[in-house]
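Chemist: final.cif is the file, holding mmCIF, C-alpha atoms:
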```cif
data_work
loop_
_atom_site.group_PDB
_atom_site.id
_atom_site.type_symbol
_atom_site.label_atom_id
_atom_site.label_comp_id
_atom_site.auth_asym_id
_atom_site.auth_seq_id
_atom_site.Cartn_x
_atom_site.Cartn_y
_atom_site.Cartn_z
ATOM 1 C CA MET A 1 73.010 0.108 24.793
ATOM 2 C CA THR A 2 74.909 -3.186 25.037
ATOM 3 C CA SER A 3 73.688 -6.051 22.876
ATOM 4 C CA PRO A 4 72.423 -9.138 24.729
ATOM 5 C CA PRO A 5 74.901 -11.969 25.390
ATOM 6 C CA ILE A 6 72.604 -14.421 23.591
ATOM 7 C CA LEU A 7 72.278 -15.230 19.907
ATOM 8 C CA ASN A 8 70.325 -18.142 18.516
ATOM 9 C CA ILE A 9 72.417 -20.084 16.005
ATOM 10 C CA ALA A 10 69.494 -19.868 13.545
ATOM 11 C CA ASP A 11 69.984 -16.075 13.530
ATOM 12 C CA VAL A 12 73.680 -16.125 12.582
ATOM 13 C CA GLU A 13 74.242 -14.351 9.261
ATOM 14 C CA LEU A 14 76.627 -16.296 7.014
ATOM 15 C CA ILE A 15 79.128 -14.553 4.741
ATOM 16 C CA ASP A 16 80.480 -16.273 1.603
ATOM 17 C CA LEU A 17 84.197 -16.989 2.142
ATOM 18 C CA ALA A 18 85.084 -16.546 -1.559
ATOM 19 C CA GLU A 19 83.440 -13.125 -1.576
ATOM 20 C CA ARG A 20 85.204 -12.161 1.664
ATOM 21 C CA SER A 21 88.521 -13.178 0.086
ATOM 22 C CA ARG A 22 87.816 -11.050 -3.012
ATOM 23 C CA GLN A 23 86.998 -8.056 -0.792
ATOM 24 C CA ARG A 24 90.403 -8.519 0.826
ATOM 25 C CA GLY A 25 92.139 -8.628 -2.568
ATOM 26 C CA SER A 26 92.637 -12.392 -2.759
ATOM 27 C CA GLU A 27 91.113 -15.173 -4.860
ATOM 28 C CA MET A 28 90.137 -18.399 -3.063
ATOM 29 C CA PRO A 29 90.894 -21.559 -5.117
ATOM 30 C CA ALA A 30 87.298 -22.682 -5.748
ATOM 31 C CA ALA A 31 88.230 -26.261 -6.644
ATOM 32 C CA ARG A 32 89.293 -27.090 -3.062
ATOM 33 C CA PHE A 33 87.874 -24.381 -0.838
ATOM 34 C CA GLY A 34 84.503 -22.811 -0.222
ATOM 35 C CA GLY A 35 81.900 -22.166 2.352
ATOM 36 C CA ARG A 36 80.293 -19.552 4.495
ATOM 37 C CA ILE A 37 81.162 -18.162 7.905
ATOM 38 C CA GLY A 38 79.092 -16.294 10.471
ATOM 39 C CA PRO A 39 80.789 -14.312 13.228
ATOM 40 C CA ILE A 40 79.152 -14.761 16.626
ATOM 41 C CA GLY A 41 81.632 -13.505 19.241
ATOM 42 C CA PRO A 42 81.417 -9.772 18.465
ATOM 43 C CA ARG A 43 77.617 -9.929 18.335
ATOM 44 C CA ILE A 44 77.316 -11.291 21.878
ATOM 45 C CA GLY A 45 80.132 -9.279 23.472
ATOM 46 C CA ALA A 46 82.805 -11.996 23.706
ATOM 47 C CA GLN A 47 86.201 -10.672 24.771
ATOM 48 C CA LYS A 48 88.620 -13.593 25.191
ATOM 49 C CA LEU A 49 87.011 -16.241 22.984
ATOM 50 C CA GLY A 50 86.136 -16.142 19.310
ATOM 51 C CA TYR A 51 83.028 -17.924 18.039
ATOM 52 C CA ASN A 52 81.717 -18.524 14.553
ATOM 53 C CA LEU A 53 79.368 -20.759 12.641
ATOM 54 C CA THR A 54 80.959 -22.302 9.561
ATOM 55 C CA ALA A 55 79.136 -24.067 6.710
ATOM 56 C CA VAL A 56 81.158 -26.033 4.143
ATOM 57 C CA ALA A 57 79.862 -27.414 0.840
ATOM 58 C CA PRO A 58 80.422 -31.072 -0.098
ATOM 59 C CA GLY A 59 83.941 -31.770 -1.318
ATOM 60 C CA LYS A 60 85.366 -28.526 0.101
ATOM 61 C CA ALA A 61 87.301 -27.184 3.078
ATOM 62 C CA ALA A 62 86.760 -23.691 4.449
ATOM 63 C CA PHE A 63 90.455 -23.058 5.148
ATOM 64 C CA PRO A 64 93.873 -24.541 4.331
ATOM 65 C CA LYS A 65 95.430 -26.977 6.794
ATOM 66 C CA HIS A 66 97.078 -24.831 9.477
ATOM 67 C CA SER A 67 98.346 -24.736 13.043
ATOM 68 C CA HIS A 68 98.316 -22.014 15.671
ATOM 69 C CA ARG A 69 101.364 -21.447 17.870
ATOM 70 C CA VAL A 70 99.318 -19.539 20.488
ATOM 71 C CA ASN A 71 95.592 -20.145 20.180
ATOM 72 C CA GLU A 72 93.552 -23.273 20.779
ATOM 73 C CA GLU A 73 90.451 -24.123 18.753
ATOM 74 C CA MET A 74 87.448 -26.320 19.470
ATOM 75 C CA PHE A 75 84.912 -27.433 16.881
ATOM 76 C CA PHE A 76 81.443 -28.831 17.541
ATOM 77 C CA ILE A 77 79.948 -30.566 14.502
ATOM 78 C CA LEU A 78 76.283 -29.578 14.143
ATOM 79 C CA ASP A 79 75.341 -31.223 10.823
ATOM 80 C CA GLY A 80 76.953 -33.335 8.145
ATOM 81 C CA THR A 81 79.957 -35.596 7.872
ATOM 82 C CA GLY A 82 83.547 -35.144 6.885
ATOM 83 C CA GLU A 83 87.064 -35.638 8.059
ATOM 84 C CA LEU A 84 89.500 -33.962 10.388
ATOM 85 C CA LYS A 85 93.058 -33.808 9.133
ATOM 86 C CA LEU A 86 95.309 -33.421 12.189
ATOM 87 C CA GLY A 87 99.053 -33.629 11.682
ATOM 88 C CA ASP A 88 99.616 -36.665 9.472
ATOM 89 C CA ARG A 89 96.415 -38.453 10.555
ATOM 90 C CA THR A 90 92.833 -38.320 9.308
ATOM 91 C CA TYR A 91 89.723 -38.942 11.419
ATOM 92 C CA PRO A 92 86.081 -39.292 10.352
ATOM 93 C CA ILE A 93 83.731 -36.682 11.847
ATOM 94 C CA ARG A 94 79.947 -36.447 12.142
ATOM 95 C CA ALA A 95 77.209 -34.452 13.869
ATOM 96 C CA GLY A 96 77.687 -34.391 17.625
ATOM 97 C CA ASP A 97 81.506 -34.659 17.563
ATOM 98 C CA VAL A 98 83.600 -32.283 19.665
ATOM 99 C CA ILE A 99 87.122 -31.684 18.346
ATOM 100 C CA ALA A 100 90.120 -30.207 20.191
ATOM 101 C CA CYS A 101 92.917 -28.513 18.251
ATOM 102 C CA PRO A 102 95.545 -27.363 20.781
ATOM 103 C CA PRO A 103 98.332 -24.975 19.762
ATOM 104 C CA GLY A 104 101.547 -26.366 18.321
ATOM 105 C CA GLY A 105 103.544 -26.913 15.170
ATOM 106 C CA PRO A 106 102.963 -29.096 12.081
ATOM 107 C CA ASP A 107 101.901 -32.050 14.235
ATOM 108 C CA ARG A 108 98.912 -29.933 15.354
ATOM 109 C CA ALA A 109 98.030 -28.588 11.905
ATOM 110 C CA HIS A 110 94.342 -29.184 11.280
ATOM 111 C CA GLN A 111 91.666 -28.903 8.615
ATOM 112 C CA LEU A 112 88.012 -29.900 8.428
ATOM 113 C CA VAL A 113 86.926 -31.250 5.036
ATOM 114 C CA ASN A 114 83.364 -32.047 3.979
ATOM 115 C CA THR A 115 83.480 -35.577 2.519
ATOM 116 C CA GLY A 116 79.703 -36.037 2.707
ATOM 117 C CA SER A 117 76.895 -35.195 0.299
ATOM 118 C CA ASP A 118 75.258 -32.539 2.532
ATOM 119 C CA GLU A 119 76.562 -29.267 3.925
ATOM 120 C CA LEU A 120 78.945 -29.653 6.902
ATOM 121 C CA ARG A 121 78.081 -27.140 9.647
ATOM 122 C CA PHE A 122 80.106 -26.567 12.783
ATOM 123 C CA LEU A 123 80.533 -24.152 15.642
ATOM 124 C CA ALA A 124 84.136 -22.988 16.021
ATOM 125 C CA VAL A 125 85.416 -21.588 19.314
ATOM 126 C CA SER A 126 88.939 -20.309 19.873
ATOM 127 C CA THR A 127 91.034 -18.418 22.337
ATOM 128 C CA MET A 128 91.875 -14.966 20.994
ATOM 129 C CA ALA A 129 95.422 -14.396 22.255
ATOM 130 C CA PHE A 130 97.773 -12.184 20.263
ATOM 131 C CA PRO A 131 100.367 -11.987 18.877
ATOM 132 C CA GLU A 132 99.772 -15.226 16.989
ATOM 133 C CA ILE A 133 101.745 -17.225 14.443
ATOM 134 C CA CYS A 134 99.858 -19.540 12.078
ATOM 135 C CA GLU A 135 101.705 -22.079 9.967
ATOM 136 C CA TYR A 136 100.472 -23.733 6.762
ATOM 137 C CA PRO A 137 102.477 -26.946 6.250
ATOM 138 C CA ASP A 138 101.069 -27.800 2.796
ATOM 139 C CA SER A 139 102.207 -24.485 1.290
ATOM 140 C CA GLY A 140 105.152 -23.631 3.574
ATOM 141 C CA LYS A 141 103.638 -20.311 4.672
ATOM 142 C CA LEU A 142 103.507 -18.591 8.033
ATOM 143 C CA ASN A 143 101.330 -15.702 9.143
ATOM 144 C CA ALA A 144 102.237 -13.292 11.958
ATOM 145 C CA ILE A 145 99.169 -11.530 13.377
ATOM 146 C CA THR A 146 98.839 -8.991 16.192
ATOM 147 C CA GLY A 147 95.035 -8.795 16.279
ATOM 148 C CA THR A 148 91.823 -8.726 14.286
ATOM 149 C CA GLY A 149 91.368 -4.979 13.848
ATOM 150 C CA PRO A 150 92.005 -2.977 10.675
ATOM 151 C CA ASP A 151 95.158 -1.364 12.137
ATOM 152 C CA ASP A 152 96.673 -4.589 13.464
ATOM 153 C CA PHE A 153 99.824 -6.038 11.897
ATOM 154 C CA ARG A 154 99.635 -9.059 9.570
ATOM 155 C CA HIS A 155 102.519 -10.502 7.608
ATOM 156 C CA LEU A 156 102.254 -13.600 5.415
ATOM 157 C CA ALA A 157 105.507 -15.133 4.136
ATOM 158 C CA ARG A 158 107.129 -18.446 3.276
ATOM 159 C CA HIS A 159 109.426 -20.287 5.644
ATOM 160 C CA GLY A 160 113.047 -19.547 4.861
ATOM 161 C CA GLU A 161 112.423 -15.997 3.668
ATOM 162 C CA SER A 162 114.120 -14.030 6.427
ATOM 163 C CA LEU A 163 116.442 -11.083 6.841
ATOM 164 C CA ASP A 164 119.508 -10.621 8.961
ATOM 165 C CA TYR A 165 118.643 -8.790 12.192
ATOM 166 C CA TRP A 166 120.829 -5.800 11.202
ATOM 167 C CA ASP A 167 119.677 -5.636 7.553
ATOM 168 C CA GLY A 168 118.931 -2.025 6.561
ATOM 169 C CA GLU A 169 120.161 -0.532 9.850
ATOM 170 C CA ALA A 170 123.531 0.847 8.618
#
```
Would you mind giving the structure from this file in structure tokens?

Modeler:
Amino acid sequence: MTSPPILNIADVELIDLAERSRQRGSEMPAARFGGRIGPIGPRIGAQKLGYNLTAVAPGKAAFPKHSHRVNEEMFFILDGTGELKLGDRTYPIRAGDVIACPPGGPDRAHQLVNTGSDELRFLAVSTMAFPEICEYPDSGKLNAITGTGPDDFRHLARHGESLDYWDGEA
């Protein structure tokens, strides 16, 4: 039986991002990052859009500043206050704000940071087109991704680390 295409936001189960990182063999820097995320899209049968509820503790960001070369993201702030870092600018955000993060390079790199004293909660919606390249301007990384499944390709590297096209083909 197919699950219903409706889920009340109060029923979204949140997963600790630090724990999720540990399960994936990585350690999230707790001084700057932290929060919880609740997948929605798969639970309501979404196919071309991704949805999640994200909750971020005061003084933290859920994810590093990054841009998407393919996908567009939209954030709707449900509770709390903070700031949007977008390119080299910073904007204050609060409950009720709708934020557009179109695809692009470093000028479109974005991050939501909780600068308030209460939890920052937002609904994130994104297109789910693959392959995708994400860039992290603060750390010089890039991430090539072909999908979200366990057998999909992911490769995280630093800019400048590349091989000649014919390397290893002799």

Chemist: Using the chain letters and numbers from the file, give me the residues hit by the PyMOL selection byres ((chain A and resi 6) around 10), as a PyMOL selection string.

Modeler: chain A and resi 3-5+7-9+40+43-45

Chemist: Please evaluate the PyMOL selection byres ((chain A and resi 98) around 7) against the displayed coordinates and give the resulting residues as a PyMOL selection string.

Modeler: chain A and resi 75-77+96-97+99-100

Chemist: Interatomic distance between atom CA of Pro102 of chain A and atom CA of Gly140 of chain A?

Modeler: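 Between atom CA of Pro102 of chain A and atom CA of Gly140 of chain A the gap is 20.1 Å.
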
Chemist: Under the PyMOL selection byres ((chain A and resi 128-139) around 8), which residues of this model are included? Write them out as a PyMOL selection string.

Modeler: chain A and resi 48-50+64-71+105-106+109+126-127+140-147

Chemist: Provide an axis-aligned box for all listed atoms of segment 8-17 of chain A, padding each side by 8 Å; report its centre and its edge lengths in Å to one decimal, as JSON.

Modeler:
```
{"center_x": 76.8, "center_y": -17.2, "center_z": 10.1, "size_x": 30.7, "size_y": 21.7, "size_z": 32.9}
```

Chemist: Ranking A:Ala95, A:Gly87, A:Leu78, A:Glu72 by minimum distance to Asp107 of chain A and counting all atoms listed in the file, which one comes first?

Modeler: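 Checking each of A:Ala95, A:Gly87, A:Leu78, A:Glu72 against Asp107 of chain A, counting all atoms listed in the file, the winner is A:Gly87.
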
Chemist: Hey, can you check how far atom CA of Ala31 of chain A sits from atom CA of Gly59 of chain A?

Modeler: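 Separation between atom CA of Ala31 of chain A and atom CA of Gly59 of chain A: 8.8 Å.
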
Chemist: Would you pick out the contacts of Ala18 of chain A at 12 Å or less, using all atoms listed in the file, so that residues sharing its chain but fewer than 3 positions from it are not included, and give the list as a ChimeraX atom specification?

Modeler: /A:15,21-37,56,61-63

Chemist: What does the structure give for the distance between atom CA of Ile93 of chain A and atom CA of Tyr51 of chain A, in Å to one decimal?

Modeler: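 One can read the atom CA of Ile93 of chain A to atom CA of Tyr51 of chain A distance as 19.8 Å.
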
Chemist: Which residue is closest to Asp11 of chain A? Choose from A:Val125, A:Glu161, A:Lys85, A:Gly38 and count only C-alpha atoms.

Modeler: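 Answer, going by the shortest atom-to-atom distance: A:Gly38.
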
Chemist: Output segment 30-61 of chain A as a JSON list (two decimals), keeping the file's coordinate frame, making sure N, CA and C atoms are there.

Modeler:
```
[["chain", "number", "residue", "atom", "x", "y", "z"],
["A", 30, "ALA", "N", 88.65, -22.12, -5.85],
["A", 30, "ALA", "CA", 87.30, -22.68, -5.75],
["A", 30, "ALA", "C", 87.25, -24.20, -5.88],
["A", 31, "ALA", "N", 88.25, -24.81, -6.48],
["A", 31, "ALA", "CA", 88.23, -26.26, -6.64],
["A", 31, "ALA", "C", 88.33, -26.99, -5.30],
["A", 32, "ARG", "N", 89.06, -26.42, -4.35],
["A", 32, "ARG", "CA", 89.29, -27.09, -3.06],
["A", 32, "ARG", "C", 88.61, -26.42, -1.89],
["A", 33, "PHE", "N", 88.35, -25.13, -2.00],
["A", 33, "PHE", "CA", 87.87, -24.38, -0.84],
["A", 33, "PHE", "C", 86.54, -23.70, -1.13],
["A", 34, "GLY", "N", 85.77, -23.52, -0.08],
["A", 34, "GLY", "CA", 84.50, -22.81, -0.22],
["A", 34, "GLY", "C", 83.67, -22.99, 1.02],
["A", 35, "GLY", "N", 82.78, -22.08, 1.20],
["A", 35, "GLY", "CA", 81.90, -22.17, 2.35],
["A", 35, "GLY", "C", 81.44, -20.80, 2.78],
["A", 36, "ARG", "N", 80.80, -20.79, 3.93],
["A", 36, "ARG", "CA", 80.29, -19.55, 4.50],
["A", 36, "ARG", "C", 80.63, -19.52, 5.97],
["A", 37, "ILE", "N", 80.81, -18.31, 6.50],
["A", 37, "ILE", "CA", 81.16, -18.16, 7.90],
["A", 37, "ILE", "C", 80.31, -17.06, 8.52],
["A", 38, "GLY", "N", 79.90, -17.27, 9.76],
["A", 38, "GLY", "CA", 79.09, -16.29, 10.47],
["A", 38, "GLY", "C", 79.70, -15.95, 11.80],
["A", 39, "PRO", "N", 80.21, -14.72, 11.95],
["A", 39, "PRO", "CA", 80.79, -14.31, 13.23],
["A", 39, "PRO", "C", 79.71, -14.26, 14.32],
["A", 40, "ILE", "N", 80.06, -14.77, 15.49],
["A", 40, "ILE", "CA", 79.15, -14.76, 16.63],
["A", 40, "ILE", "C", 79.72, -13.94, 17.78],
["A", 41, "GLY", "N", 80.99, -14.15, 18.09],
["A", 41, "GLY", "CA", 81.63, -13.50, 19.24],
["A", 41, "GLY", "C", 81.37, -12.02, 19.38],
["A", 42, "PRO", "N", 81.64, -11.22, 18.34],
["A", 42, "PRO", "CA", 81.42, -9.77, 18.46],
["A", 42, "PRO", "C", 79.94, -9.41, 18.71],
["A", 43, "ARG", "N", 79.05, -10.22, 18.19],
["A", 43, "ARG", "CA", 77.62, -9.93, 18.34],
["A", 43, "ARG", "C", 77.09, -10.16, 19.74],
["A", 44, "ILE", "N", 77.79, -11.01, 20.52],
["A", 44, "ILE", "CA", 77.32, -11.29, 21.88],
["A", 44, "ILE", "C", 78.25, -10.74, 22.95],
["A", 45, "GLY", "N", 79.25, -9.95, 22.53],
["A", 45, "GLY", "CA", 80.13, -9.28, 23.47],
["A", 45, "GLY", "C", 81.30, -10.11, 23.98],
["A", 46, "ALA", "N", 81.67, -11.17, 23.27],
["A", 46, "ALA", "CA", 82.80, -12.00, 23.71],
["A", 46, "ALA", "C", 84.08, -11.17, 23.70],
["A", 47, "GLN", "N", 84.95, -11.41, 24.67],
["A", 47, "GLN", "CA", 86.20, -10.67, 24.77],
["A", 47, "GLN", "C", 87.44, -11.54, 24.64],
["A", 48, "LYS", "N", 87.43, -12.75, 25.20],
["A", 48, "LYS", "CA", 88.62, -13.59, 25.19],
["A", 48, "LYS", "C", 88.46, -14.86, 24.36],
["A", 49, "LEU", "N", 87.26, -15.10, 23.85],
["A", 49, "LEU", "CA", 87.01, -16.24, 22.98],
["A", 49, "LEU", "C", 86.40, -15.75, 21.68],
["A", 50, "GLY", "N", 86.76, -16.42, 20.60],
["A", 50, "GLY", "CA", 86.14, -16.14, 19.31],
["A", 50, "GLY", "C", 85.17, -17.27, 18.99],
["A", 51, "TYR", "N", 84.03, -16.93, 18.41],
["A", 51, "TYR", "CA", 83.03, -17.92, 18.04],
["A", 51, "TYR", "C", 82.58, -17.64, 16.62],
["A", 52, "ASN", "N", 82.35, -18.70, 15.85],
["A", 52, "ASN", "CA", 81.72, -18.52, 14.55],
["A", 52, "ASN", "C", 81.01, -19.80, 14.16],
["A", 53, "LEU", "N", 80.05, -19.64, 13.27],
["A", 53, "LEU", "CA", 79.37, -20.76, 12.64],
["A", 53, "LEU", "C", 79.95, -20.88, 11.25],
["A", 54, "THR", "N", 80.38, -22.09, 10.88],
["A", 54, "THR", "CA", 80.96, -22.30, 9.56],
["A", 54, "THR", "C", 80.15, -23.37, 8.83],
["A", 55, "ALA", "N", 79.86, -23.12, 7.56],
["A", 55, "ALA", "CA", 79.14, -24.07, 6.71],
["A", 55, "ALA", "C", 80.01, -24.35, 5.49],
["A", 56, "VAL", "N", 80.26, -25.64, 5.22],
["A", 56, "VAL", "CA", 81.16, -26.03, 4.14],
["A", 56, "VAL", "C", 80.41, -26.95, 3.16],
["A", 57, "ALA", "N", 80.52, -26.63, 1.89],
["A", 57, "ALA", "CA", 79.86, -27.41, 0.84],
["A", 57, "ALA", "C", 80.54, -28.77, 0.67],
["A", 58, "PRO", "N", 79.82, -29.76, 0.15],
["A", 58, "PRO", "CA", 80.42, -31.07, -0.10],
["A", 58, "PRO", "C", 81.68, -30.97, -0.96],
["A", 59, "GLY", "N", 82.69, -31.73, -0.57],
["A", 59, "GLY", "CA", 83.94, -31.77, -1.32],
["A", 59, "GLY", "C", 84.89, -30.62, -1.05],
["A", 60, "LYS", "N", 84.55, -29.73, -0.14],
["A", 60, "LYS", "CA", 85.37, -28.53, 0.10],
["A", 60, "LYS", "C", 85.86, -28.47, 1.54],
["A", 61, "ALA", "N", 86.83, -27.59, 1.76],
["A", 61, "ALA", "CA", 87.30, -27.18, 3.08],
["A", 61, "ALA", "C", 87.14, -25.67, 3.14]]
```
